[in-house]
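K.L.:
Please find start-v1.txt (compact mmCIF, C-alpha atoms and all ligand atoms) on the next line:
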# COMPACT_ATOMS: atom_id res chain seq x y z
CA MET B 41 -61.08 -74.90 61.44
CA THR B 42 -60.29 -72.72 58.40
CA GLY B 43 -56.92 -71.25 57.57
CA ILE B 44 -56.04 -67.56 57.65
CA THR B 45 -53.67 -65.74 55.29
CA SER B 46 -50.58 -64.36 57.00
CA ARG B 47 -47.29 -62.78 55.91
CA GLU B 48 -43.92 -63.46 57.47
CA ILE B 49 -40.26 -62.48 57.03
CA HIS B 50 -37.67 -65.09 56.06
CA LEU B 51 -33.90 -64.72 55.94
CA VAL B 52 -32.95 -65.85 52.42
CA SER B 53 -29.20 -65.09 52.34
CA ARG B 54 -26.57 -64.34 54.95
CA PRO B 55 -25.41 -60.72 55.13
CA GLU B 56 -21.79 -59.63 55.21
CA GLY B 57 -21.52 -56.24 56.88
CA LEU B 58 -24.69 -54.17 57.12
CA PRO B 59 -27.66 -56.32 56.02
CA SER B 60 -29.60 -55.20 52.94
CA ALA B 61 -33.24 -55.65 51.95
CA ASP B 62 -32.42 -58.52 49.58
CA ASN B 63 -31.19 -60.68 52.49
CA PHE B 64 -34.87 -60.94 53.49
CA SER B 65 -38.09 -62.02 51.83
CA LEU B 66 -41.76 -61.31 52.60
CA VAL B 67 -43.61 -64.63 52.29
CA GLU B 68 -47.37 -65.20 52.20
CA THR B 69 -48.60 -68.31 53.96
CA THR B 70 -51.78 -69.89 55.35
CA VAL B 71 -51.97 -70.50 59.10
CA GLU B 72 -54.12 -73.45 60.18
CA GLN B 73 -55.37 -73.60 63.75
CA VAL B 74 -56.02 -77.21 64.76
CA SER B 75 -57.83 -78.73 67.73
CA GLY B 76 -56.48 -77.58 71.13
CA GLN B 77 -54.65 -74.59 69.65
CA VAL B 78 -55.06 -70.82 69.79
CA LEU B 79 -54.70 -68.44 66.85
CA VAL B 80 -52.59 -65.35 67.66
CA GLN B 81 -52.64 -62.09 65.72
CA ASN B 82 -49.43 -60.17 66.33
CA LEU B 83 -49.81 -56.48 67.17
CA PHE B 84 -46.24 -55.23 67.72
CA MET B 85 -42.80 -56.74 67.44
CA SER B 86 -39.54 -55.71 69.02
CA VAL B 87 -36.41 -55.09 66.93
CA ASP B 88 -33.17 -55.82 68.77
CA PRO B 89 -29.43 -55.56 68.05
CA ALA B 90 -29.01 -59.17 69.20
CA MET B 91 -30.87 -60.25 66.05
CA ARG B 92 -27.90 -59.26 63.88
CA PRO B 93 -25.07 -61.75 64.70
CA PRO B 94 -27.30 -64.86 64.21
CA LEU B 95 -28.08 -63.74 60.63
CA SER B 96 -24.45 -64.43 59.71
CA ASN B 97 -23.33 -67.11 62.17
CA GLY B 98 -25.93 -69.65 61.09
CA GLN B 99 -28.19 -69.50 64.15
CA THR B 100 -31.05 -67.90 62.19
CA PRO B 101 -32.21 -70.57 59.72
CA LEU B 102 -32.67 -69.66 56.06
CA ASN B 103 -36.12 -69.75 54.45
CA GLU B 104 -38.06 -69.99 57.70
CA PRO B 105 -39.95 -67.30 59.61
CA MET B 106 -37.51 -65.29 61.72
CA THR B 107 -38.09 -65.03 65.47
CA GLY B 108 -38.05 -62.26 68.06
CA GLY B 109 -40.04 -60.71 70.88
CA ALA B 110 -43.61 -59.64 70.10
CA ILE B 111 -47.02 -59.01 71.60
CA GLY B 112 -50.09 -60.61 70.08
CA LYS B 113 -53.78 -61.02 70.79
CA ILE B 114 -55.60 -64.34 70.81
CA VAL B 115 -58.28 -64.10 68.13
CA ALA B 116 -59.53 -67.71 68.18
CA SER B 117 -59.11 -70.25 70.94
CA ASP B 118 -59.58 -73.93 71.59
CA ASN B 119 -57.67 -73.63 74.89
CA PRO B 120 -59.69 -72.54 77.96
CA GLU B 121 -56.54 -71.21 79.66
CA LEU B 122 -55.98 -68.71 76.84
CA PRO B 123 -59.37 -67.26 75.90
CA VAL B 124 -60.01 -64.89 73.00
CA ASP B 125 -58.70 -61.31 73.58
CA THR B 126 -55.88 -62.45 75.91
CA LEU B 127 -52.73 -60.43 75.22
CA VAL B 128 -49.61 -62.57 75.04
CA LEU B 129 -45.89 -61.89 75.04
CA HIS B 130 -43.81 -64.40 73.08
CA ARG B 131 -40.86 -64.95 70.69
CA PHE B 132 -42.85 -65.51 67.44
CA GLY B 133 -42.26 -62.08 65.88
CA PHE B 134 -41.66 -61.39 62.16
CA ARG B 135 -45.12 -62.81 61.25
CA GLU B 136 -48.68 -61.54 61.30
CA TYR B 137 -50.47 -64.65 62.63
CA PHE B 138 -49.49 -68.00 64.11
CA ALA B 139 -51.16 -71.01 65.71
CA SER B 140 -49.92 -72.29 69.07
CA ASP B 141 -50.55 -74.98 71.67
CA GLY B 142 -49.80 -72.27 74.25
CA LYS B 143 -46.14 -73.17 74.81
CA GLY B 144 -43.99 -70.02 74.92
CA LEU B 145 -46.98 -67.68 75.31
CA GLN B 146 -47.02 -65.50 78.42
CA ALA B 147 -50.32 -63.76 79.16
CA ILE B 148 -49.76 -60.12 80.11
CA LYS B 149 -51.91 -57.82 82.19
CA VAL B 150 -51.92 -54.28 80.88
CA GLU B 151 -52.84 -51.57 83.40
CA ASP B 152 -52.96 -47.88 82.38
CA GLU B 153 -49.72 -48.02 80.42
CA PRO B 154 -49.53 -48.29 76.62
CA LEU B 155 -49.27 -51.90 75.46
CA THR B 156 -45.94 -51.32 73.71
CA THR B 157 -44.18 -50.48 76.99
CA HIS B 158 -44.19 -54.24 77.69
CA LEU B 159 -41.75 -54.63 74.80
CA HIS B 160 -39.30 -52.12 76.23
CA ILE B 161 -39.40 -50.07 79.41
CA LEU B 162 -41.54 -52.59 81.37
CA GLY B 163 -40.06 -55.61 79.56
CA GLY B 164 -36.66 -57.08 78.78
CA THR B 165 -35.11 -53.75 77.76
CA GLY B 166 -35.95 -52.13 81.08
CA LEU B 167 -34.83 -55.16 83.06
CA THR B 168 -31.53 -55.21 81.13
CA ALA B 169 -30.86 -51.60 82.13
CA TYR B 170 -32.04 -52.09 85.74
CA GLY B 171 -30.14 -55.31 86.48
CA GLY B 172 -27.10 -54.39 84.43
CA LEU B 173 -26.66 -51.05 86.18
CA LEU B 174 -27.72 -51.87 89.74
CA VAL B 175 -26.51 -55.48 90.07
CA THR B 176 -23.67 -56.04 87.57
CA GLY B 177 -22.60 -52.38 87.69
CA ALA B 178 -23.21 -52.21 91.49
CA LEU B 179 -24.13 -48.54 91.11
CA GLN B 180 -23.80 -46.34 94.20
CA GLU B 181 -25.51 -42.99 94.76
CA GLU B 182 -23.68 -39.92 93.39
CA GLU B 183 -21.23 -41.84 91.22
CA ASN B 184 -20.04 -40.77 87.76
CA VAL B 185 -21.74 -42.81 85.03
CA PHE B 186 -21.08 -43.08 81.31
CA VAL B 187 -23.47 -44.95 79.01
CA SER B 188 -23.01 -45.52 75.27
CA ALA B 189 -25.87 -45.88 72.74
CA ALA B 190 -27.46 -43.60 75.32
CA ALA B 191 -30.45 -42.50 73.21
CA GLY B 192 -31.41 -46.12 72.47
CA ALA B 193 -33.86 -48.32 74.33
CA VAL B 194 -31.50 -49.70 77.00
CA GLY B 195 -29.19 -46.67 77.21
CA SER B 196 -31.96 -44.17 77.82
CA VAL B 197 -33.25 -46.21 80.77
CA VAL B 198 -29.74 -46.64 82.18
CA GLY B 199 -29.15 -42.88 82.15
CA GLN B 200 -32.44 -42.11 83.83
CA ILE B 201 -31.95 -44.72 86.59
CA ALA B 202 -28.50 -43.23 87.23
CA LYS B 203 -30.06 -39.75 87.51
CA ILE B 204 -32.67 -41.12 89.96
CA LYS B 205 -29.70 -42.38 92.00
CA HIS B 206 -28.26 -38.83 92.03
CA CYS B 207 -25.34 -39.68 89.76
CA ARG B 208 -23.58 -37.45 87.27
CA VAL B 209 -24.43 -38.96 83.87
CA ALA B 210 -22.79 -38.63 80.48
CA GLY B 211 -24.04 -40.36 77.32
CA SER B 212 -22.83 -40.86 73.77
CA CYS B 213 -25.03 -41.11 70.71
CA GLY B 214 -24.87 -40.72 66.92
CA SER B 215 -26.59 -37.40 66.16
CA ASP B 216 -26.98 -33.85 67.47
CA GLU B 217 -30.76 -34.35 67.75
CA LYS B 218 -30.12 -37.28 70.08
CA VAL B 219 -27.69 -35.14 72.13
CA ASP B 220 -30.45 -32.57 72.52
CA TYR B 221 -32.94 -35.31 73.54
CA LEU B 222 -30.59 -36.72 76.19
CA ILE B 223 -29.87 -33.37 77.81
CA ASN B 224 -33.15 -31.54 77.43
CA GLU B 225 -35.69 -34.40 77.67
CA LEU B 226 -33.99 -37.05 79.78
CA GLY B 227 -31.93 -34.79 82.06
CA PHE B 228 -28.43 -36.14 81.28
CA ASP B 229 -25.68 -33.87 82.61
CA TYR B 230 -23.64 -34.22 79.45
CA ALA B 231 -24.01 -35.87 76.06
CA PHE B 232 -21.98 -35.92 72.86
CA ASN B 233 -22.16 -37.09 69.25
CA TYR B 234 -19.45 -39.75 68.87
CA LYS B 235 -19.52 -39.34 65.09
CA THR B 236 -18.26 -35.75 65.27
CA THR B 237 -16.41 -35.63 68.61
CA SER B 238 -13.38 -37.40 70.10
CA ILE B 239 -14.87 -39.82 72.66
CA SER B 240 -11.85 -39.46 74.90
CA LYS B 241 -11.92 -35.65 74.90
CA ALA B 242 -15.67 -35.59 75.45
CA LEU B 243 -15.35 -37.87 78.48
CA HIS B 244 -12.70 -35.60 80.00
CA ILE B 245 -15.13 -32.69 79.66
CA GLY B 246 -18.30 -34.51 80.70
CA LEU B 247 -16.84 -36.52 83.59
CA PRO B 248 -13.65 -34.67 84.55
CA GLU B 249 -13.16 -36.74 87.73
CA GLY B 250 -13.30 -39.99 85.75
CA ILE B 251 -15.87 -42.78 85.42
CA ASP B 252 -17.13 -45.02 88.21
CA VAL B 253 -19.49 -47.05 86.01
CA TYR B 254 -19.27 -47.40 82.24
CA PHE B 255 -22.42 -49.15 80.95
CA GLU B 256 -21.08 -50.73 77.78
CA ASN B 257 -23.45 -51.01 74.81
CA VAL B 258 -21.08 -50.33 71.90
CA GLY B 259 -17.52 -51.68 72.33
CA GLY B 260 -14.50 -50.79 70.17
CA ALA B 261 -13.45 -47.14 70.32
CA HIS B 262 -15.99 -46.46 73.09
CA LEU B 263 -14.49 -49.12 75.34
CA ASP B 264 -10.98 -47.96 74.47
CA ALA B 265 -11.77 -44.39 75.56
CA ALA B 266 -13.84 -45.29 78.64
CA CYS B 267 -11.49 -47.95 79.99
CA GLY B 268 -8.64 -45.45 80.06
CA GLN B 269 -10.70 -43.06 82.22
CA MET B 270 -12.07 -45.46 84.83
CA ARG B 271 -11.68 -44.42 88.48
CA PRO B 272 -10.36 -46.68 91.27
CA LEU B 273 -12.67 -49.67 91.78
CA GLY B 274 -14.69 -48.70 88.70
CA ARG B 275 -17.07 -51.19 87.07
CA ILE B 276 -17.84 -51.89 83.42
CA PRO B 277 -21.04 -53.94 83.05
CA VAL B 278 -20.80 -55.28 79.49
CA CYS B 279 -24.31 -55.29 78.06
CA GLY B 280 -23.57 -55.29 74.32
CA MET B 281 -21.06 -54.34 71.64
CA ILE B 282 -23.17 -53.17 68.74
CA SER B 283 -20.20 -51.65 66.88
CA ALA B 284 -19.00 -55.23 66.29
CA TYR B 285 -22.25 -56.89 65.23
CA ASN B 286 -21.84 -56.31 61.47
CA ASN B 287 -18.27 -57.66 61.58
CA LYS B 288 -17.38 -61.24 60.71
CA GLY B 289 -17.68 -63.30 63.90
CA ALA B 290 -18.96 -60.12 65.64
CA ARG B 291 -15.30 -59.31 66.37
CA SER B 292 -14.78 -55.93 67.98
CA GLU B 293 -12.01 -53.41 67.31
CA GLY B 294 -8.96 -53.72 69.53
CA VAL B 295 -8.82 -52.01 72.92
CA THR B 296 -5.48 -50.55 74.01
CA THR B 297 -6.25 -49.23 77.50
CA LEU B 298 -6.84 -52.41 79.49
CA SER B 299 -3.80 -51.87 81.70
CA ASN B 300 -5.85 -49.23 83.54
CA MET B 301 -7.88 -52.14 84.89
CA ILE B 302 -4.82 -53.14 86.92
CA TYR B 303 -3.82 -49.75 88.26
CA ASN B 304 -7.38 -48.80 89.19
CA ARG B 305 -8.63 -52.30 90.05
CA VAL B 306 -11.48 -52.06 87.55
CA THR B 307 -14.01 -54.88 87.11
CA MET B 308 -15.43 -55.68 83.67
CA LYS B 309 -18.27 -58.22 83.66
CA GLY B 310 -20.64 -59.38 80.95
CA PHE B 311 -24.27 -60.18 81.74
CA VAL B 312 -27.43 -61.45 80.06
CA VAL B 313 -30.87 -60.17 81.03
CA TYR B 314 -32.28 -63.53 82.13
CA GLU B 315 -29.90 -63.40 85.14
CA PHE B 316 -32.29 -60.82 86.60
CA ASN B 317 -35.55 -62.74 86.17
CA ASP B 318 -35.97 -63.15 89.92
CA MET B 319 -35.91 -59.33 90.33
CA ARG B 320 -38.80 -58.79 87.93
CA GLU B 321 -41.37 -57.89 90.59
CA GLN B 322 -39.17 -55.28 92.28
CA PHE B 323 -38.15 -53.97 88.86
CA LEU B 324 -41.79 -53.49 87.79
CA THR B 325 -42.69 -51.78 91.06
CA ASP B 326 -39.75 -49.36 90.73
CA MET B 327 -40.34 -48.64 87.05
CA ARG B 328 -44.06 -48.01 87.48
CA THR B 329 -43.31 -45.67 90.41
CA TRP B 330 -40.65 -43.75 88.46
CA MET B 331 -42.94 -43.49 85.42
CA ALA B 332 -45.81 -42.16 87.56
CA GLU B 333 -43.44 -39.61 89.14
CA GLY B 334 -42.33 -38.43 85.67
CA LYS B 335 -38.74 -39.57 86.32
CA MET B 336 -38.70 -42.27 83.66
CA LYS B 337 -39.55 -41.20 80.11
CA TYR B 338 -39.34 -43.13 76.87
CA GLN B 339 -39.57 -42.69 73.15
CA GLU B 340 -40.52 -45.19 70.45
CA THR B 341 -39.63 -45.37 66.77
CA ILE B 342 -42.45 -47.37 65.18
CA MET B 343 -42.37 -48.68 61.59
CA GLN B 344 -45.66 -49.71 60.05
CA GLY B 345 -46.37 -53.19 58.70
CA ILE B 346 -44.59 -56.54 58.53
CA GLU B 347 -43.01 -55.55 55.20
CA GLN B 348 -41.02 -52.88 57.12
CA ALA B 349 -39.45 -55.35 59.59
CA PRO B 350 -36.18 -55.79 57.63
CA ALA B 351 -35.88 -52.00 57.21
CA ALA B 352 -36.44 -51.59 60.94
CA LEU B 353 -33.61 -54.01 61.75
CA ILE B 354 -31.26 -52.38 59.24
CA GLY B 355 -32.29 -48.94 60.53
CA LEU B 356 -31.52 -49.95 64.12
CA LEU B 357 -27.98 -50.84 63.07
CA GLU B 358 -27.69 -47.42 61.39
CA GLY B 359 -29.01 -45.49 64.41
CA LYS B 360 -32.34 -44.50 62.86
CA ASN B 361 -34.19 -45.14 66.13
CA THR B 362 -34.49 -42.92 69.15
CA GLY B 363 -35.63 -45.04 72.08
CA LYS B 364 -37.17 -48.39 71.24
CA MET B 365 -37.42 -49.67 67.64
CA LEU B 366 -40.77 -51.42 67.06
CA VAL B 367 -42.85 -52.63 64.12
CA ARG B 368 -46.64 -52.42 64.19
CA LEU B 369 -47.91 -55.68 62.72
CA SER B 370 -51.63 -55.00 62.77
CA GLU B 371 -54.00 -52.05 62.55
CA ALA B 372 -55.50 -53.48 65.74
CA GLY B 373 -52.25 -52.66 67.57
N1 LIG X 1 -26.95 -58.36 77.65
C1 LIG X 1 -28.26 -58.37 77.42
O1 LIG X 1 -29.02 -59.15 77.99
C2 LIG X 1 -28.83 -57.36 76.47
C3 LIG X 1 -30.23 -57.20 76.35
C4 LIG X 1 -30.70 -56.20 75.48
C5 LIG X 1 -29.79 -55.43 74.75
N2 LIG X 1 -28.46 -55.65 74.88
C6 LIG X 1 -27.48 -54.83 74.17
O2 LIG X 1 -27.70 -53.48 74.55
C7 LIG X 1 -27.29 -52.61 73.50
C8 LIG X 1 -28.43 -51.63 73.20
O3 LIG X 1 -29.55 -52.38 72.74
P1 LIG X 1 -30.96 -51.66 72.48
O4 LIG X 1 -31.95 -52.73 72.26
O5 LIG X 1 -31.19 -50.64 73.51
O6 LIG X 1 -30.71 -50.97 71.06
P2 LIG X 1 -30.77 -49.41 70.77
O7 LIG X 1 -29.72 -48.77 71.61
O8 LIG X 1 -32.17 -48.95 70.91
O9 LIG X 1 -30.40 -49.33 69.23
C9 LIG X 1 -29.12 -49.53 68.80
C10 LIG X 1 -28.35 -48.18 68.74
O10 LIG X 1 -26.97 -48.45 68.68
C11 LIG X 1 -26.33 -47.38 68.06
N3 LIG X 1 -25.30 -47.90 67.13
C12 LIG X 1 -25.47 -48.67 66.04
N4 LIG X 1 -24.29 -48.95 65.47
C13 LIG X 1 -23.35 -48.33 66.22
C14 LIG X 1 -21.93 -48.24 66.13
N5 LIG X 1 -21.24 -48.84 65.16
N6 LIG X 1 -21.29 -47.49 67.08
C15 LIG X 1 -21.96 -46.87 68.05
N7 LIG X 1 -23.32 -46.93 68.18
C16 LIG X 1 -23.99 -47.67 67.27
C17 LIG X 1 -27.38 -46.59 67.27
O11 LIG X 1 -27.56 -45.32 67.88
P3 LIG X 1 -26.58 -44.06 67.58
O12 LIG X 1 -27.39 -43.10 66.77
O13 LIG X 1 -26.25 -43.55 68.93
O14 LIG X 1 -25.39 -44.57 66.81
C18 LIG X 1 -28.65 -47.40 67.46
O15 LIG X 1 -29.79 -46.60 67.57
C19 LIG X 1 -26.91 -53.50 72.33
O16 LIG X 1 -25.51 -53.66 72.31
C20 LIG X 1 -27.59 -54.82 72.65
O17 LIG X 1 -26.93 -55.92 72.06
C21 LIG X 1 -27.97 -56.61 75.72
Rewrite the coordinates I just gave you, this time as structure tokens.
Ligand SMILES: NC(=O)c1ccc[n+]([C@@H]2O[C@H](COP(=O)([O-])OP(=O)(O)OC[C@H]3O[C@@H](n4cnc5c(N)ncnc54)[C@H](OP(=O)(O)O)[C@@H]3O)[C@@H](O)[C@H]2O)c1

P.N.:
Amino acid sequence: MTGITSREIHLVSRPEGLPSADNFSLVETTVEQVSGQVLVQNLFMSVDPAMRPPLSNGQTPLNEPMTGGAIGKIVASDNPELPVDTLVLHRFGFREYFASDGKGLQAIKVEDEPLTTHLHILGGTGLTAYGGLLVTGALQEEENVFVSAAAGAVGSVVGQIAKIKHCRVAGSCGSDEKVDYLINELGFDYAFNYKTTSISKALHIGLPEGIDVYFENVGGAHLDAACGQMRPLGRIPVCGMISAYNNKGARSEGVTTLSNMIYNRVTMKGFVVYEFNDMREQFLTDMRTWMAEGKMKYQETIMQGIEQAPAALIGLLEGKNTGKMLVRLSEAG
């Protein structure tokens, strides 16, 4: 079979602090599909904060195609189980085409929803919010909930699930436009711009009775402020700490309020999304129902073309996305 020209993103040097465009390279290559393989054309790829620490800690190899969640379409097939036109979810992002023996490809069935929702609200992002809030956070109806990075992919789902559960919800985010989005589009009770407001003061205003569940996406000053305002038997599901990801060793700023965990018997627990894999069916049923009822909205920030993938990752770390950051890898997407 003949080869096809493809472009892919390589990491060529390890960033210190915020990555820059010259840490990455756009490389042209030829993809050969051999006997028994399928050829996949990528349509969209996901851009995730978790991609940042491995750029510096050595886990992302230099001078090889980077990896990450993506959706592709099978455009040639020598595998009867994966015929042409099958849509597949996989981890071979940051490239336009690839050949595969089928390992690591998960066929997806798209109903009425836009394809891209499988990379966020109906995919790992949504499950992270759902499991992290309901299982790790053990959310109860009518509690007081604070979520940081609230206008992002995970945070926006967390806030809306909490509203569905009749909670009072406050969110933090990095711009006044995002504050407006959280309150007026997503129905948050309170939101504030952490870049221009004291987090601690804002939490006293937004959740004057204190916080039952703090869904932690940011770390550092956010955790410092929230931990000091946790109510008795409060929970802090630790999803991420993006404020630390550009730091050496992803080390976060110090937190000075941990003694409140003793007085108020607060639980802080980290989690990873794969813990919730066995809830996927219930999660999808709930999310589809909430979407159909208009209770679960989403936004996407989509950059165009593989050459924009590094800018999308850098932009995510600078807060340029509202909702899910994606890159469209093909006009067919
Ligand atoms: N545990 C898991 O299994 C799991 C799975 C998925 C994601 N996560 C974590 O969940 C969090 C959110 O991920 P996501 O995919 O939904 O990303 P996202 O929230 O859509 O995008 C990241 C957002 O973080 C904010 N941010 C960036 N630097 C910041 C800083 N120094 N301080 C405060 N906010 C900052 C920016 O928004 P602003 O404009 O508001 O600054 C940016 O838009 C991340 O910490 C991620 O690592 C964990």

K.L.:
Which is closer to ligand LIG 1 (chain X) than all the others in B:Asn304, B:Thr237, B:Gln269, B:Ser188, using only C-alpha atoms and all ligand atoms?

P.N.:
B:Ser188

K.L.:
Each residue of chain B with at least one atom at most 7 Å from ligand LIG 1 (chain X) should appear once, together with its nearest atom pair and the corresponding distance in Å (one decimal); atoms considered: all atoms listed in the file; ordering: chain, then increasing residue number; output as a tab-separated table.

P.N.:
residue	atom	partner	partner_atom	distance
B:Asp88	CA	X:LIG1	O4	4.8
B:Pro89	CA	X:LIG1	O17	4.7
B:Ala90	CA	X:LIG1	O17	4.8
B:Gly164	CA	X:LIG1	C4	6.9
B:Thr165	CA	X:LIG1	C4	5.5
B:Thr168	CA	X:LIG1	C3	5.3
B:Ala189	CA	X:LIG1	O13	4.5
B:Ala190	CA	X:LIG1	O13	6.5
B:Ala191	CA	X:LIG1	O13	6.1
B:Gly192	CA	X:LIG1	O7	3.3
B:Ala193	CA	X:LIG1	O5	3.6
B:Val194	CA	X:LIG1	O5	3.6
B:Gly195	CA	X:LIG1	O5	5.8
B:Ser212	CA	X:LIG1	O13	6.5
B:Cys213	CA	X:LIG1	O13	3.3
B:Gly214	CA	X:LIG1	O12	3.5
B:Ser215	CA	X:LIG1	O12	5.8
B:Asn257	CA	X:LIG1	O16	4.2
B:Val258	CA	X:LIG1	C15	5.3
B:Cys279	CA	X:LIG1	N1	4.1
B:Gly280	CA	X:LIG1	O16	3.2
B:Met281	CA	X:LIG1	O16	4.6
B:Ile282	CA	X:LIG1	O16	4.3
B:Ser283	CA	X:LIG1	N5	3.5
B:Ala284	CA	X:LIG1	N5	6.9
B:Phe311	CA	X:LIG1	N1	5.2
B:Val312	CA	X:LIG1	O1	3.5
B:Val313	CA	X:LIG1	O1	3.7
B:Tyr314	CA	X:LIG1	O1	6.9
B:Leu356	CA	X:LIG1	C18	5.1
B:Leu357	CA	X:LIG1	C12	4.5
B:Glu358	CA	X:LIG1	C12	5.3
B:Gly359	CA	X:LIG1	O15	3.4
B:Lys360	CA	X:LIG1	O15	5.8
B:Asn361	CA	X:LIG1	O15	4.9
B:Thr362	CA	X:LIG1	O15	6.2
B:Gly363	CA	X:LIG1	O8	5.4
B:Lys364	CA	X:LIG1	O8	5.0
B:Met365	CA	X:LIG1	O8	6.2

K.L.:
Taking all atoms of region 356-369 of chain B that the file lists and extending 4 Å past them on each side, where is the centre of the axis-aligned box and how long are its edges? Answer in Å to one decimal, as AutoDock Vina command-line options.

P.N.:
--center_x -37.8 --center_y -49.3 --center_z 66.7 --size_x 28.2 --size_y 20.8 --size_z 18.7

K.L.:
Could you tell me which of B:Gly211, B:Gly345, B:Pro272, B:Gly250 comes closest to Asn233 (chain B) if we count only C-alpha atoms?

P.N.:
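The closest residue to Asn233 (chain B) is B:Gly211.
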
K.L.:
So that I can see what lies close to Val278 (chain B), please list as a PyMOL selection string the residues with an atom at most 9 Å from it, counting all atoms listed in the file and leaving out residues fewer than 4 positions away in the same chain.

P.N.:
chain B and resi 172+176-177+254-257+259+308-311

K.L.:
Applying 7 Å and all atoms listed in the file, which residues near Val198 (chain B) remain after dropping the ones on its own chain fewer than 5 positions away? List them as a ChimeraX atom specification.

P.N.:
/B:169-170,173

K.L.:
Identify which of the residues B:Ala61, B:Arg328, B:Val78, B:Val295 lies closest to Glu151 (chain B), counting all atoms listed in the file when measuring atom-to-atom distances.

P.N.:
B:Arg328

K.L.:
Quick one: residues within 9 Å of Gly227 (chain B), all atoms listed in the file counted, chain neighbours fewer than 6 positions away excluded, as an NGL selection string?

P.N.:
:B and (199-200 or 203 or 209 or 221)

K.L.:
Find the residues near region 113-125 of chain B: any atom within 12 Å, counting all atoms listed in the file, skip ones fewer than 5 places away on the same chain, and give them as a PDB file with C-alpha atoms, in the frame of the given file.

P.N.:
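Listed below is the output, out_33.pdb:
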ATOM      1  CA  MET B  41     -61.080 -74.900  61.440  1.00  0.00           C
ATOM      2  CA  THR B  42     -60.290 -72.720  58.400  1.00  0.00           C
ATOM      3  CA  GLY B  43     -56.920 -71.250  57.570  1.00  0.00           C
ATOM      4  CA  ILE B  44     -56.040 -67.560  57.650  1.00  0.00           C
ATOM      5  CA  GLU B  72     -54.120 -73.450  60.180  1.00  0.00           C
ATOM      6  CA  GLN B  73     -55.370 -73.600  63.750  1.00  0.00           C
ATOM      7  CA  VAL B  74     -56.020 -77.210  64.760  1.00  0.00           C
ATOM      8  CA  SER B  75     -57.830 -78.730  67.730  1.00  0.00           C
ATOM      9  CA  GLY B  76     -56.480 -77.580  71.130  1.00  0.00           C
ATOM     10  CA  GLN B  77     -54.650 -74.590  69.650  1.00  0.00           C
ATOM     11  CA  VAL B  78     -55.060 -70.820  69.790  1.00  0.00           C
ATOM     12  CA  LEU B  79     -54.700 -68.440  66.850  1.00  0.00           C
ATOM     13  CA  VAL B  80     -52.590 -65.350  67.660  1.00  0.00           C
ATOM     14  CA  GLN B  81     -52.640 -62.090  65.720  1.00  0.00           C
ATOM     15  CA  ASN B  82     -49.430 -60.170  66.330  1.00  0.00           C
ATOM     16  CA  LEU B  83     -49.810 -56.480  67.170  1.00  0.00           C
ATOM     17  CA  PHE B  84     -46.240 -55.230  67.720  1.00  0.00           C
ATOM     18  CA  HIS B 130     -43.810 -64.400  73.080  1.00  0.00           C
ATOM     19  CA  GLU B 136     -48.680 -61.540  61.300  1.00  0.00           C
ATOM     20  CA  TYR B 137     -50.470 -64.650  62.630  1.00  0.00           C
ATOM     21  CA  PHE B 138     -49.490 -68.000  64.110  1.00  0.00           C
ATOM     22  CA  ALA B 139     -51.160 -71.010  65.710  1.00  0.00           C
ATOM     23  CA  SER B 140     -49.920 -72.290  69.070  1.00  0.00           C
ATOM     24  CA  ASP B 141     -50.550 -74.980  71.670  1.00  0.00           C
ATOM     25  CA  GLY B 142     -49.800 -72.270  74.250  1.00  0.00           C
ATOM     26  CA  LYS B 143     -46.140 -73.170  74.810  1.00  0.00           C
ATOM     27  CA  LEU B 145     -46.980 -67.680  75.310  1.00  0.00           C
ATOM     28  CA  GLN B 146     -47.020 -65.500  78.420  1.00  0.00           C
ATOM     29  CA  ALA B 147     -50.320 -63.760  79.160  1.00  0.00           C
ATOM     30  CA  ILE B 148     -49.760 -60.120  80.110  1.00  0.00           C
ATOM     31  CA  LYS B 149     -51.910 -57.820  82.190  1.00  0.00           C
ATOM     32  CA  LEU B 155     -49.270 -51.900  75.460  1.00  0.00           C
ATOM     33  CA  LEU B 369     -47.910 -55.680  62.720  1.00  0.00           C
ATOM     34  CA  SER B 370     -51.630 -55.000  62.770  1.00  0.00           C
ATOM     35  CA  ALA B 372     -55.500 -53.480  65.740  1.00  0.00           C
ATOM     36  CA  GLY B 373     -52.250 -52.660  67.570  1.00  0.00           C
TER      37      GLY B 373
END

K.L.:
Measure the distance from CA of Thr100 (chain B) to CA of Thr126 (chain B) in Å and round it to one decimal.

P.N.:
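Going from CA of Thr100 (chain B) over to CA of Thr126 (chain B), I get 28.9 Å.
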